[in-house]
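Worksheet: the structure to be examined is printed underneath.
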Amino acid sequence: MDRVIYVDNNATTTVAPEVLDAMVPFFCERYGNASSMHAFGGTVRHDLDAAREKVAMLLGATPGEIVFTSCGTESDNTAVIGTLRANPDRRHVLTTRVEHPAIRSLCQYLAKAHYEITEVPVNRQGELDVEFLADSIRPDTALVSVMWANNETGVIFPIEQVAEIAHAAGAVFHTDAVQAVGKLPINLAESRIDLLSLSGHKFHAPKGIGALYVRRGTKLTPLLIGGHQEHGRRGGTENSASIVGLGTAAELAAERIDDENTRVKAMRDRLEQRILESTPDCFVNGARDERLPNTTNISFEYVEGEAILLRLDELGICASSGSACTSGSLEPSHVMRAMGVPFTAAHGSIRFSLSVYNTGEEIDFIAEHIPRIIQDLRAISPYGARGEESRRT
Ligand code: PLP
């Protein structure tokens with residue numbers, strides 16, 4: 001393939017060249033164990049401390065509140081399981097219907113282990129039913145876990161309001177901010193969030209590195225019990241190269257946050273507008289105002305998302321669909337189902353997620369090709385025939 005136009009940045013991102021450069025020395029030159037007594041390993045500790053400071057700076061936290069993990073999933077699991085273990089008298093967890101499987105599947109697992117889970121619904125726009133949440137909180141609620149921004153639609157939840165509700169009932173508040181970090185300004189010093197998960201590969205650090213913010217004083221039992229790394233909060237020899245990479249990515253993210261919210265947002269808006277204007281029977285899934293600046297999720301009626309993805313793929317365009325091929329049938333995602341997106345529209349939903357590395361030229365290329373792709377697919381799809389009929393009536 002000659003060129004790739006990568007607009008699947010909510011799935012993963014390229015490692016920034018600056019991040020890779022910062023990491024390279026830690027593989028074959030400075031490979032010492034940061035916990036070793038010798039200077040060769042010991043100096044690595046300074047680099048880990050510097051990286052911790054950079055991550056803390058991006059979040060408006062203090063370095064002591066940052067625990068490095070292996071990924072967003074580990075951060076989420078640590079937050080949920082660690083809180084339940086630290087508060088054994090409380091067995092209720094309040095979460096949402098649209099969380100990433102790192103929270104949702106875990107909660108379903110916990111439900112089988114005699115915890116009680118309440119999933120708060122969202123409306124047709126993907127907005128959280130805060131009233132339902134407030135009515136569902138109980139004296140035995142240990143944890144409220146609500147994502148900051150949805151990975152499929154980009155819809156942002158009012159997490160400060162939710163944190164306040166959680167605290168009023170004496171519960172801990174965790175947010176999965178895996179999609180928010182690097183895209184939205186975050187200042188935990190002025191926030192009520194107790195626990196926050198992030199993942200490096202969503203903002204130009206490599207895969208396999210994440211962090212959990214733990215507000216000072218929050219009770220949390222470690223998930224990985226082993227050595228004394230991370231002040232006893234996460235056993236396992238530190239992944240020094242990736243931690244240093246995460247620090248550099250955090251530094252870059254802080255510098256680029258304005259670009260994300262101006263240039264990247266403008267490209268996203270242009271792509272969305274051009275598609276909506278040029279293609280009949282399509283609409284945006286999710287509230288459009290309170291949304292990540294890089295994400296648009298568009299449903300194309302009467303076509304299958306997988307078919308659109310294949311046609312985009314032939315052009316070197318990488319995007320995602322809102323349906324997952326499970327056991328031979330195309331099931332709309334749990335997010336589309338929770339929002340009540342009609343079956344045919346959920347099937348034809350495509351997520352474009354941009355990054356600072358995209359160019360206006362790439363966006364125009366996608367916008368030029370979409371109308372023809374949809375027209376071709378509608379002409380041959382059984383949904384297309386139905387679509388023609390329903391458009392006529
Ligand atoms: N939470 C959200 C909202 C995500 O989008 C993802 C990844 O797609 C995760 C958690 C899991 O992160 P990781 O892949 O680092 O385990």
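Identifiers in the structure tokens: chain A, B, ... in order shown; residue index from 1 per chain; ligand index from 1 in order shown.
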
Residue contacts of Ser240 of chain A (8 Å, only C-alpha atoms) excluding same-chain residues fewer than 5 positions away, as a ChimeraX atom specification: /A:26,34,44,48

Writing out the chosen residues with N, CA and C atoms as an mmCIF file, in the first residue's frame:
```
data_model
loop_
_atom_site.group_PDB
_atom_site.id
_atom_site.type_symbol
_atom_site.label_atom_id
_atom_site.label_comp_id
_atom_site.auth_asym_id
_atom_site.auth_seq_id
_atom_site.Cartn_x
_atom_site.Cartn_y
_atom_site.Cartn_z
ATOM 1 N N PHE A 26 17.185 3.293 26.618
ATOM 2 C CA PHE A 26 16.847 2.448 27.763
ATOM 3 C C PHE A 26 16.739 0.959 27.423
ATOM 4 N N ALA A 34 16.016 0.015 37.869
ATOM 5 C CA ALA A 34 15.957 1.261 38.653
ATOM 6 C C ALA A 34 16.051 1.000 40.161
ATOM 7 N N VAL A 44 18.806 5.366 36.471
ATOM 8 C CA VAL A 44 17.530 5.225 35.744
ATOM 9 C C VAL A 44 16.372 5.749 36.620
ATOM 10 N N LEU A 48 12.946 7.921 35.693
ATOM 11 C CA LEU A 48 11.569 7.535 36.018
ATOM 12 C C LEU A 48 10.896 8.649 36.827
#
```

Taking the DSSP assignment computed from this structure's backbone, write out as a compact mmCIF listing (two decimals) with N, CA, C and O atoms, in the first residue's frame all residues of segment 119-293 of chain A that belong to helix (DSSP H, G or I).
```txt
# COMPACT_ATOMS: atom_id res chain seq x y z
N VAL A 130 -27.93 11.50 34.53
CA VAL A 130 -27.35 11.83 35.84
C VAL A 130 -28.38 11.65 36.96
O VAL A 130 -28.04 11.26 38.08
N GLU A 131 -29.64 11.92 36.63
CA GLU A 131 -30.70 11.75 37.63
C GLU A 131 -30.81 10.27 38.04
O GLU A 131 -30.91 9.96 39.24
N PHE A 132 -30.77 9.40 37.05
CA PHE A 132 -30.80 7.95 37.32
C PHE A 132 -29.63 7.57 38.21
O PHE A 132 -29.76 6.81 39.17
N LEU A 133 -28.47 8.14 37.90
CA LEU A 133 -27.27 7.84 38.69
C LEU A 133 -27.46 8.29 40.14
O LEU A 133 -27.19 7.53 41.08
N ALA A 134 -27.96 9.51 40.31
CA ALA A 134 -28.14 10.04 41.66
C ALA A 134 -29.15 9.20 42.44
O ALA A 134 -28.98 8.97 43.65
N ASP A 135 -30.19 8.73 41.74
CA ASP A 135 -31.21 7.91 42.41
C ASP A 135 -30.70 6.51 42.73
O ASP A 135 -31.27 5.81 43.58
N SER A 136 -29.65 6.06 42.04
CA SER A 136 -29.18 4.68 42.20
C SER A 136 -28.08 4.53 43.24
O SER A 136 -27.71 3.41 43.60
N ILE A 159 -18.31 14.61 34.59
CA ILE A 159 -17.73 13.80 35.66
C ILE A 159 -17.59 14.54 37.00
O ILE A 159 -17.65 13.91 38.04
N GLU A 160 -17.42 15.86 36.95
CA GLU A 160 -17.30 16.57 38.24
C GLU A 160 -18.62 16.49 39.01
O GLU A 160 -18.62 16.30 40.23
N GLN A 161 -19.72 16.60 38.28
CA GLN A 161 -21.05 16.49 38.91
C GLN A 161 -21.23 15.08 39.49
O GLN A 161 -21.72 14.91 40.61
N VAL A 162 -20.78 14.09 38.73
CA VAL A 162 -20.91 12.70 39.18
C VAL A 162 -20.02 12.46 40.41
O VAL A 162 -20.42 11.79 41.37
N ALA A 163 -18.82 13.03 40.39
CA ALA A 163 -17.90 12.87 41.52
C ALA A 163 -18.54 13.43 42.80
O ALA A 163 -18.42 12.84 43.88
N GLU A 164 -19.24 14.54 42.66
CA GLU A 164 -19.88 15.16 43.81
C GLU A 164 -20.97 14.24 44.37
O GLU A 164 -21.08 14.07 45.59
N ILE A 165 -21.74 13.63 43.47
CA ILE A 165 -22.80 12.70 43.89
C ILE A 165 -22.16 11.51 44.62
O ILE A 165 -22.64 11.06 45.66
N ALA A 166 -21.07 11.00 44.06
CA ALA A 166 -20.38 9.85 44.66
C ALA A 166 -19.91 10.20 46.07
O ALA A 166 -20.15 9.45 47.03
N HIS A 167 -19.28 11.34 46.20
CA HIS A 167 -18.72 11.72 47.50
C HIS A 167 -19.81 11.95 48.56
O HIS A 167 -19.62 11.62 49.72
N ALA A 168 -20.95 12.49 48.12
CA ALA A 168 -22.05 12.74 49.07
C ALA A 168 -22.51 11.43 49.71
O ALA A 168 -23.01 11.42 50.83
N LEU A 188 -6.33 18.06 37.89
CA LEU A 188 -6.84 17.27 39.01
C LEU A 188 -6.73 18.00 40.35
O LEU A 188 -7.44 17.67 41.29
N ALA A 189 -5.87 19.01 40.40
CA ALA A 189 -5.74 19.77 41.66
C ALA A 189 -7.06 20.46 41.98
O ALA A 189 -7.38 20.68 43.14
N GLU A 190 -7.81 20.79 40.95
CA GLU A 190 -9.08 21.49 41.18
C GLU A 190 -10.27 20.59 40.89
O GLU A 190 -11.33 21.05 40.49
N GLY A 200 -0.97 5.02 27.55
CA GLY A 200 0.00 5.72 26.72
C GLY A 200 -0.28 5.65 25.22
O GLY A 200 -0.11 6.64 24.51
N HIS A 201 -0.74 4.47 24.75
CA HIS A 201 -0.82 4.31 23.29
C HIS A 201 -1.96 5.11 22.66
O HIS A 201 -2.10 5.13 21.44
N LYS A 202 -2.77 5.79 23.50
CA LYS A 202 -3.82 6.65 22.95
C LYS A 202 -3.31 8.07 22.72
O LYS A 202 -3.99 8.89 22.14
N GLN A 229 7.99 -1.85 44.11
CA GLN A 229 7.95 -0.79 43.10
C GLN A 229 6.69 0.07 43.25
O GLN A 229 5.69 -0.37 43.81
N GLU A 230 6.76 1.25 42.71
CA GLU A 230 5.61 2.19 42.78
C GLU A 230 5.13 2.36 44.24
O GLU A 230 3.93 2.41 44.50
N HIS A 231 6.09 2.41 45.14
CA HIS A 231 5.79 2.57 46.58
C HIS A 231 4.82 1.51 47.07
O HIS A 231 3.90 1.77 47.84
N GLY A 232 5.03 0.28 46.58
CA GLY A 232 4.21 -0.84 47.03
C GLY A 232 2.81 -0.85 46.43
O GLY A 232 1.97 -1.65 46.83
N SER A 240 11.16 0.74 32.25
CA SER A 240 11.77 2.09 32.21
C SER A 240 11.66 2.76 30.85
O SER A 240 11.33 3.95 30.78
N ALA A 241 11.91 2.03 29.76
CA ALA A 241 11.85 2.67 28.43
C ALA A 241 10.45 3.25 28.19
O ALA A 241 10.31 4.41 27.77
N SER A 242 9.44 2.47 28.49
CA SER A 242 8.07 2.93 28.20
C SER A 242 7.63 4.03 29.16
O SER A 242 6.87 4.92 28.79
N ILE A 243 8.12 3.97 30.39
CA ILE A 243 7.77 5.03 31.35
C ILE A 243 8.38 6.36 30.88
O ILE A 243 7.72 7.40 30.87
N VAL A 244 9.64 6.29 30.44
CA VAL A 244 10.28 7.50 29.91
C VAL A 244 9.51 7.99 28.67
O VAL A 244 9.27 9.19 28.50
N GLY A 245 9.10 7.04 27.82
CA GLY A 245 8.31 7.39 26.63
C GLY A 245 7.00 8.05 27.02
O GLY A 245 6.58 9.05 26.41
N LEU A 246 6.35 7.53 28.05
CA LEU A 246 5.08 8.10 28.51
C LEU A 246 5.29 9.54 29.00
O LEU A 246 4.47 10.42 28.73
N GLY A 247 6.41 9.74 29.69
CA GLY A 247 6.72 11.10 30.18
C GLY A 247 6.86 12.06 29.01
O GLY A 247 6.29 13.17 29.03
N THR A 248 7.60 11.64 27.98
CA THR A 248 7.79 12.52 26.81
C THR A 248 6.45 12.76 26.11
O THR A 248 6.15 13.88 25.68
N ALA A 249 5.64 11.70 25.99
CA ALA A 249 4.33 11.85 25.34
C ALA A 249 3.45 12.83 26.13
O ALA A 249 2.70 13.62 25.55
N ALA A 250 3.56 12.78 27.45
CA ALA A 250 2.77 13.69 28.29
C ALA A 250 3.21 15.14 28.07
O ALA A 250 2.38 16.05 27.97
N GLU A 251 4.52 15.31 27.95
CA GLU A 251 5.07 16.65 27.71
C GLU A 251 4.55 17.19 26.37
O GLU A 251 4.11 18.33 26.25
N LEU A 252 4.60 16.32 25.34
CA LEU A 252 4.13 16.72 24.01
C LEU A 252 2.63 17.02 24.03
O LEU A 252 2.17 17.98 23.41
N ALA A 253 1.88 16.18 24.75
CA ALA A 253 0.42 16.35 24.81
C ALA A 253 0.08 17.71 25.40
O ALA A 253 -0.84 18.39 24.93
N ALA A 254 0.83 18.10 26.44
CA ALA A 254 0.57 19.40 27.06
C ALA A 254 0.82 20.53 26.07
O ALA A 254 0.06 21.50 25.99
N GLU A 255 1.88 20.36 25.25
CA GLU A 255 2.19 21.39 24.25
C GLU A 255 1.16 21.44 23.13
O GLU A 255 0.93 22.47 22.52
N ARG A 256 0.54 20.27 22.84
CA ARG A 256 -0.30 20.18 21.64
C ARG A 256 -1.79 20.27 21.92
O ARG A 256 -2.59 20.14 21.01
N ILE A 257 -2.15 20.49 23.17
CA ILE A 257 -3.57 20.44 23.52
C ILE A 257 -4.36 21.53 22.79
O ILE A 257 -5.51 21.31 22.38
N ASP A 258 -3.72 22.69 22.56
CA ASP A 258 -4.42 23.75 21.83
C ASP A 258 -4.63 23.36 20.37
O ASP A 258 -5.68 23.61 19.80
N ASP A 259 -3.62 22.73 19.79
CA ASP A 259 -3.71 22.27 18.40
C ASP A 259 -4.85 21.25 18.27
O ASP A 259 -5.62 21.28 17.31
N GLU A 260 -4.95 20.35 19.24
CA GLU A 260 -6.04 19.34 19.25
C GLU A 260 -7.40 20.03 19.21
O GLU A 260 -8.31 19.59 18.53
N ASN A 261 -7.51 21.11 20.01
CA ASN A 261 -8.82 21.73 20.18
C ASN A 261 -9.09 22.84 19.17
O ASN A 261 -10.16 23.46 19.23
N THR A 262 -8.15 23.09 18.28
CA THR A 262 -8.40 24.10 17.22
C THR A 262 -8.26 23.44 15.85
O THR A 262 -9.24 23.12 15.20
N ARG A 263 -7.01 23.12 15.44
CA ARG A 263 -6.79 22.59 14.10
C ARG A 263 -7.43 21.21 13.92
O ARG A 263 -8.11 20.95 12.93
N VAL A 264 -7.19 20.30 14.88
CA VAL A 264 -7.74 18.94 14.74
C VAL A 264 -9.28 19.01 14.78
O VAL A 264 -9.96 18.37 13.97
N LYS A 265 -9.79 19.81 15.68
CA LYS A 265 -11.26 19.96 15.77
C LYS A 265 -11.82 20.52 14.46
O LYS A 265 -12.85 20.05 13.97
N ALA A 266 -11.13 21.49 13.89
CA ALA A 266 -11.60 22.09 12.63
C ALA A 266 -11.60 21.05 11.51
O ALA A 266 -12.52 21.00 10.68
N MET A 267 -10.57 20.19 11.48
CA MET A 267 -10.52 19.13 10.45
C MET A 267 -11.67 18.15 10.67
O MET A 267 -12.32 17.73 9.72
N ARG A 268 -11.91 17.78 11.93
CA ARG A 268 -13.01 16.86 12.23
C ARG A 268 -14.34 17.47 11.78
O ARG A 268 -15.15 16.83 11.12
N ASP A 269 -14.53 18.77 12.11
CA ASP A 269 -15.79 19.42 11.74
C ASP A 269 -15.96 19.50 10.23
O ASP A 269 -17.06 19.32 9.71
N ARG A 270 -14.83 19.74 9.53
CA ARG A 270 -14.91 19.84 8.07
C ARG A 270 -15.27 18.48 7.46
O ARG A 270 -16.12 18.38 6.58
N LEU A 271 -14.65 17.43 7.97
CA LEU A 271 -14.93 16.08 7.48
C LEU A 271 -16.42 15.76 7.69
O LEU A 271 -17.12 15.31 6.78
N GLU A 272 -16.88 16.04 8.89
CA GLU A 272 -18.26 15.74 9.26
C GLU A 272 -19.23 16.51 8.36
O GLU A 272 -20.15 15.94 7.79
N GLN A 273 -18.96 17.80 8.22
CA GLN A 273 -19.87 18.66 7.45
C GLN A 273 -19.90 18.24 5.98
O GLN A 273 -20.97 18.13 5.38
N ARG A 274 -18.73 17.95 5.43
CA ARG A 274 -18.69 17.58 4.01
C ARG A 274 -19.43 16.27 3.77
O ARG A 274 -20.13 16.10 2.78
N ILE A 275 -19.29 15.33 4.71
CA ILE A 275 -19.98 14.04 4.55
C ILE A 275 -21.48 14.24 4.67
O ILE A 275 -22.25 13.75 3.85
N LEU A 276 -21.90 14.99 5.68
CA LEU A 276 -23.35 15.19 5.89
C LEU A 276 -23.98 15.90 4.70
O LEU A 276 -25.11 15.61 4.31
N GLU A 277 -23.24 16.82 4.09
CA GLU A 277 -23.78 17.59 2.96
C GLU A 277 -23.83 16.78 1.67
O GLU A 277 -24.69 16.98 0.83
N SER A 278 -22.87 15.87 1.54
CA SER A 278 -22.73 15.20 0.24
C SER A 278 -23.42 13.84 0.17
O SER A 278 -23.61 13.30 -0.91
```

Please report the interatomic distance between atom CA of Gly72 of chain A and atom CA of Thr13 of chain A in Å with one decimal. 14.0 Å

Any residue with an atom at most 8 Å from ligand 1 counts, using only C-alpha atoms and all ligand atoms. Which are they? Put them as number ranges by chain. A: 10-12, 70-74, 76, 99-103, 147, 149-152, 176-179, 197-202, 207-210

Output C-alpha atoms for every residue in that selection, as a compact mmCIF listing (two decimals), in the first residue's frame.
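Writing done, so here's again27.txt:
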```
# COMPACT_ATOMS: atom_id res chain seq x y z
CA ASN A 10 -9.10 6.25 19.35
CA ALA A 11 -7.98 2.65 18.70
CA THR A 12 -4.29 3.48 18.95
CA SER A 70 0.98 -1.74 31.89
CA CYS A 71 -2.11 -0.30 30.12
CA GLY A 72 -5.50 1.36 30.48
CA THR A 73 -7.10 -1.99 31.25
CA GLU A 74 -4.76 -2.61 34.17
CA ASP A 76 -9.16 0.35 35.30
CA GLU A 99 -18.02 1.89 29.43
CA HIS A 100 -15.12 0.23 27.64
CA PRO A 101 -14.91 -3.55 28.28
CA ALA A 102 -11.98 -2.82 30.64
CA ILE A 103 -14.68 -1.65 33.08
CA MET A 147 -15.71 7.29 31.80
CA ALA A 149 -15.24 10.52 27.23
CA ASN A 150 -16.68 7.68 25.20
CA ASN A 151 -14.29 5.92 22.83
CA GLU A 152 -16.92 5.29 20.13
CA ASP A 176 -11.62 6.04 32.80
CA ALA A 177 -9.95 8.98 31.08
CA VAL A 178 -8.15 6.86 28.48
CA GLN A 179 -9.76 8.83 25.64
CA SER A 197 -6.94 5.82 34.34
CA LEU A 198 -4.86 6.66 31.30
CA SER A 199 -3.17 4.68 28.55
CA GLY A 200 0.00 5.72 26.72
CA HIS A 201 -0.82 4.31 23.29
CA LYS A 202 -3.82 6.65 22.95
CA LYS A 207 1.41 0.20 23.74
CA GLY A 208 1.94 -1.52 27.07
CA ILE A 209 2.27 1.50 29.34
CA GLY A 210 -0.42 3.25 31.35
```

Close residues, Tyr6 of chain A itself excluded, 12 Å, only C-alpha atoms, min 4 positions apart in chain, as a short mmCIF file (atom, residue, chain, number, x, y, z; two decimals) with C-alpha atoms, in the first residue's frame:
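Everything below was put into result_27.cif:
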```cif
data_model
loop_
_atom_site.label_atom_id
_atom_site.label_comp_id
_atom_site.auth_asym_id
_atom_site.auth_seq_id
_atom_site.Cartn_x
_atom_site.Cartn_y
_atom_site.Cartn_z
CA ASN A 10 -9.10 6.25 19.35
CA ALA A 11 -7.98 2.65 18.70
CA THR A 12 -4.29 3.48 18.95
CA THR A 13 -1.83 6.15 17.82
CA THR A 14 1.58 6.31 16.22
CA LEU A 312 -11.95 2.66 2.76
CA ASP A 313 -9.18 0.16 3.39
CA LEU A 315 -7.89 3.45 -0.46
CA GLY A 316 -5.50 3.15 2.49
CA ILE A 317 -7.95 4.81 4.88
CA CYS A 318 -8.02 3.26 8.37
CA ALA A 319 -11.21 3.86 10.40
CA SER A 320 -13.46 1.78 12.71
CA ARG A 351 -15.88 6.20 13.63
CA PHE A 352 -13.26 8.59 12.31
CA SER A 353 -10.80 9.62 15.02
CA LEU A 354 -8.12 12.14 14.05
CA SER A 355 -4.80 13.18 15.54
CA VAL A 356 -2.36 16.06 15.25
CA TYR A 357 -0.56 14.06 12.54
CA ASN A 358 -3.50 14.28 10.11
CA THR A 359 -3.49 16.90 7.38
CA GLU A 362 -6.04 13.71 4.00
CA ILE A 363 -9.40 14.86 5.34
CA PHE A 365 -9.41 12.88 0.32
CA ILE A 366 -11.72 10.96 2.68
#
```

May I have the residues within 9 Å of Val80 of chain A as JSON, numbers by chain, using only C-alpha atoms and disregarding those fewer than 2 positions away in the same chain? {"A": [75, 76, 77, 78, 82, 83, 84, 85, 93, 103, 106, 107, 143, 145, 174]}

Residue selection dump (N, CA, C and O atoms) as an mmCIF file, in the first residue's frame:
```cif
data_model
loop_
_atom_site.group_PDB
_atom_site.id
_atom_site.type_symbol
_atom_site.label_atom_id
_atom_site.label_comp_id
_atom_site.auth_asym_id
_atom_site.auth_seq_id
_atom_site.Cartn_x
_atom_site.Cartn_y
_atom_site.Cartn_z
ATOM 1 N N SER A 75 -5.042 -0.238 34.636
ATOM 2 C CA SER A 75 -5.394 0.903 35.496
ATOM 3 C C SER A 75 -6.850 0.794 35.931
ATOM 4 O O SER A 75 -7.178 0.978 37.113
ATOM 5 N N ASP A 76 -7.731 0.483 34.988
ATOM 6 C CA ASP A 76 -9.158 0.347 35.303
ATOM 7 C C ASP A 76 -9.390 -0.797 36.298
ATOM 8 O O ASP A 76 -10.128 -0.647 37.272
ATOM 9 N N ASN A 77 -8.772 -1.942 36.033
ATOM 10 C CA ASN A 77 -8.938 -3.103 36.928
ATOM 11 C C ASN A 77 -8.417 -2.791 38.321
ATOM 12 O O ASN A 77 -9.018 -3.170 39.327
ATOM 13 N N THR A 78 -7.291 -2.087 38.397
ATOM 14 C CA THR A 78 -6.713 -1.741 39.701
ATOM 15 C C THR A 78 -7.662 -0.820 40.467
ATOM 16 O O THR A 78 -7.894 -0.996 41.666
ATOM 17 N N GLY A 82 -9.153 -2.741 43.366
ATOM 18 C CA GLY A 82 -8.414 -2.172 44.500
ATOM 19 C C GLY A 82 -9.329 -1.429 45.460
ATOM 20 O O GLY A 82 -9.139 -1.475 46.680
ATOM 21 N N THR A 83 -10.342 -0.735 44.931
ATOM 22 C CA THR A 83 -11.286 -0.009 45.791
ATOM 23 C C THR A 83 -12.188 -0.991 46.529
ATOM 24 O O THR A 83 -12.444 -0.827 47.734
ATOM 25 N N LEU A 84 -12.671 -2.015 45.822
ATOM 26 C CA LEU A 84 -13.564 -2.990 46.479
ATOM 27 C C LEU A 84 -12.823 -3.728 47.597
ATOM 28 O O LEU A 84 -13.371 -3.949 48.676
ATOM 29 N N ARG A 85 -11.569 -4.080 47.337
ATOM 30 C CA ARG A 85 -10.808 -4.797 48.379
ATOM 31 C C ARG A 85 -10.515 -3.895 49.562
ATOM 32 O O ARG A 85 -10.451 -4.351 50.699
ATOM 33 N N VAL A 93 -21.372 -1.302 43.012
ATOM 34 C CA VAL A 93 -20.617 -0.453 42.085
ATOM 35 C C VAL A 93 -21.602 0.179 41.112
ATOM 36 O O VAL A 93 -22.477 -0.490 40.566
ATOM 37 N N ILE A 103 -13.837 -1.859 31.897
ATOM 38 C CA ILE A 103 -14.676 -1.650 33.077
ATOM 39 C C ILE A 103 -15.914 -2.547 33.001
ATOM 40 O O ILE A 103 -16.254 -3.243 33.955
ATOM 41 N N LEU A 106 -15.358 -6.311 33.355
ATOM 42 C CA LEU A 106 -14.920 -6.539 34.732
ATOM 43 C C LEU A 106 -16.125 -6.490 35.676
ATOM 44 O O LEU A 106 -16.267 -7.345 36.560
ATOM 45 N N CYS A 107 -17.004 -5.511 35.490
ATOM 46 C CA CYS A 107 -18.180 -5.393 36.364
ATOM 47 C C CYS A 107 -19.116 -6.593 36.171
ATOM 48 O O CYS A 107 -19.698 -7.079 37.142
ATOM 49 N N LEU A 143 -17.956 2.320 44.928
ATOM 50 C CA LEU A 143 -17.273 3.013 43.830
ATOM 51 C C LEU A 143 -18.270 3.452 42.775
ATOM 52 O O LEU A 143 -19.181 2.698 42.419
ATOM 53 N N SER A 145 -17.851 4.502 38.889
ATOM 54 C CA SER A 145 -16.854 4.542 37.807
ATOM 55 C C SER A 145 -17.542 4.975 36.520
ATOM 56 O O SER A 145 -18.371 4.244 35.972
ATOM 57 N N HIS A 174 -14.066 7.046 40.394
ATOM 58 C CA HIS A 174 -13.033 6.729 39.396
ATOM 59 C C HIS A 174 -13.516 7.128 38.023
ATOM 60 O O HIS A 174 -14.690 6.954 37.683
#
```
